[in-house]
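Student: This structure is in structure tokens; I'll ask about it shortly.
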Amino acid sequence: MKVASMKAIILTLLCSLFLLISCDNNIVTTEGISFINETDYEVQVSFIYDSGKQDSLLMAKQGFYYGFNLFSYDYNKKVIMDSTVLLDQIKKLKIFRVTDSDTIYVNPIHYNKFKHWTEYITVDMRDRTNYYVLSVTLGMLE
């Protein structure tokens, strides 16, 4: 799938998410992380929230995958999540693939810097959605 069409899919999904969030009376900002699997492998991601709850995501071959909502808060009380807050959350990620009886983990150097993430922001009259997207490539899994 071409990068341009992936970006169009991402923006469509984020706009849809935004519409779902905007159905209540509160004006909120939602911050999260998502993934693009650019490999021909099934890739898994696990994440531990601040509350201690663990969540996981199974990505089939090649595609965009909505990841994890990190925060939701009153639109007027906070500003966009900065790189320090994002990187603190990313430390709780594990990205890997399982082959036969082996688990191959992505080295965090491939995703633990702000430059590895692409930021997408949507705003309408009521709400704001900020998502940071990581492309998982074959080179990360070798």
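Letters for chains follow the order of the structure tokens (A, B, ...), residue numbers begin at 1 for each chain, and ligand numbers begin at 1 in the order shown.
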Which residues, written as number ranges by chain, have at least one atom at most 8 Å from segment 42-48 of chain A, with only C-alpha atoms counted and residues fewer than 4 positions away on the same chain left out?
Tutor: A: 37, 52-61, 68, 92-98
Student: Among chain A, which ones does DSSP assign to strand (DSSP E or B) (computed from the backbone)? Answer as JSON, numbers by chain.
Tutor: {"A": [28, 29, 30, 31, 32, 33, 34, 35, 36, 37, 43, 44, 45, 46, 47, 48, 54, 55, 56, 57, 58, 59, 63, 64, 65, 66, 67, 68, 69, 70, 71, 72, 73, 74, 93, 94, 95, 96, 97, 98, 99, 102, 103, 104, 105, 117, 118, 119, 120, 121, 122, 123, 128, 129, 130, 131, 132, 133, 134, 135, 136]}
Student: Using only C-alpha atoms, can you tell me which of A:Thr30, A:Thr103, A:Thr39, A:Gln89 comes closest to Asp74 of chain A?
Tutor: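 With only C-alpha atoms as the atom set, the closest residue is A:Thr30.
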Student: Could you tell me which of A:Ser51, A:Ile33, A:Arg128, A:Gly63 comes closest to Tyr111 of chain A if we count only C-alpha atoms?
Tutor: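 Result for the nearest residue to Tyr111 of chain A: A:Ile33.
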Student: Using only C-alpha atoms, find the one residue out of A:Leu86, A:Met125, A:Asn130, A:Val136 that sits nearest to Asn112 of chain A.
Tutor: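 Of the candidates, the smallest distance to Asn112 of chain A is held by A:Leu86.
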Student: Run DSSP on the backbone and grab whatever in segment 3-141 of chain A lands in helix (DSSP H, G or I); send it over as a PDB file with C-alpha atoms, in the first residue's frame.
Tutor:
```pdb
ATOM      1  CA  VAL A   3       2.392   5.873   1.793  1.00  0.00           C
ATOM      2  CA  ALA A   4      -0.030   8.508   0.457  1.00  0.00           C
ATOM      3  CA  SER A   5      -2.973   6.112   0.652  1.00  0.00           C
ATOM      4  CA  MET A   6      -1.888   5.020   4.161  1.00  0.00           C
ATOM      5  CA  LYS A   7      -1.906   8.659   5.247  1.00  0.00           C
ATOM      6  CA  ALA A   8      -5.390   9.093   3.769  1.00  0.00           C
ATOM      7  CA  ILE A   9      -6.578   6.025   5.687  1.00  0.00           C
ATOM      8  CA  ILE A  10      -5.010   7.328   8.894  1.00  0.00           C
ATOM      9  CA  LEU A  11      -6.647  10.722   8.530  1.00  0.00           C
ATOM     10  CA  THR A  12     -10.020   9.126   7.772  1.00  0.00           C
ATOM     11  CA  LEU A  13      -9.774   6.899  10.846  1.00  0.00           C
ATOM     12  CA  LEU A  14      -8.685   9.765  13.056  1.00  0.00           C
ATOM     13  CA  CYS A  15     -11.546  11.936  11.801  1.00  0.00           C
ATOM     14  CA  SER A  16     -13.985   9.092  12.492  1.00  0.00           C
ATOM     15  CA  LEU A  17     -12.576   8.710  15.977  1.00  0.00           C
ATOM     16  CA  PHE A  18     -12.901  12.436  16.440  1.00  0.00           C
ATOM     17  CA  LEU A  19     -16.588  12.339  15.472  1.00  0.00           C
ATOM     18  CA  LEU A  20     -17.242   9.558  17.983  1.00  0.00           C
ATOM     19  CA  ILE A  21     -15.543  11.489  20.753  1.00  0.00           C
ATOM     20  CA  SER A  83       7.636  15.075  23.627  1.00  0.00           C
ATOM     21  CA  THR A  84       8.706  14.398  27.238  1.00  0.00           C
ATOM     22  CA  VAL A  85       5.259  13.081  28.215  1.00  0.00           C
ATOM     23  CA  LEU A  86       5.025  11.018  25.029  1.00  0.00           C
ATOM     24  CA  LEU A  87       8.450   9.463  25.583  1.00  0.00           C
ATOM     25  CA  ASP A  88       7.546   8.578  29.198  1.00  0.00           C
ATOM     26  CA  GLN A  89       4.532   6.677  27.862  1.00  0.00           C
ATOM     27  CA  ILE A  90       6.481   5.003  25.049  1.00  0.00           C
ATOM     28  CA  PRO A 108      13.404   0.356  21.640  1.00  0.00           C
ATOM     29  CA  ILE A 109      15.984   2.484  19.812  1.00  0.00           C
ATOM     30  CA  HIS A 110      13.605   2.215  16.835  1.00  0.00           C
ATOM     31  CA  PHE A 114      10.223  11.651  19.284  1.00  0.00           C
ATOM     32  CA  LYS A 115      11.588  11.730  15.706  1.00  0.00           C
ATOM     33  CA  HIS A 116      10.328   8.169  15.058  1.00  0.00           C
ATOM     34  CA  LEU A 138      10.858  -5.140   8.493  1.00  0.00           C
ATOM     35  CA  GLY A 139      14.223  -3.739   9.547  1.00  0.00           C
ATOM     36  CA  MET A 140      12.920  -3.289  13.107  1.00  0.00           C
ATOM     37  CA  LEU A 141      12.139  -7.016  13.399  1.00  0.00           C
TER      38      LEU A 141
END
```
Student: With only C-alpha atoms as the basis for distance, which of A:Tyr49, A:Thr29, A:Ile36, A:Thr137 is at the shortest distance from Phe64 of chain A?
Tutor: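 Closest to Phe64 of chain A, using only C-alpha atoms: A:Ile36.
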Student: Of the residues A:Tyr41, A:Tyr120, A:Phe35, A:Tyr65, which is the one nearest to Thr99 of chain A, using only C-alpha atoms?
Tutor: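 That would be A:Tyr41, the residue with the smallest distance to Thr99 of chain A.
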Student: Quote the spacing between atom CA of Ser34 of chain A and atom CA of Trp117 of chain A in Å to one decimal place.
Tutor: 9.4 Å
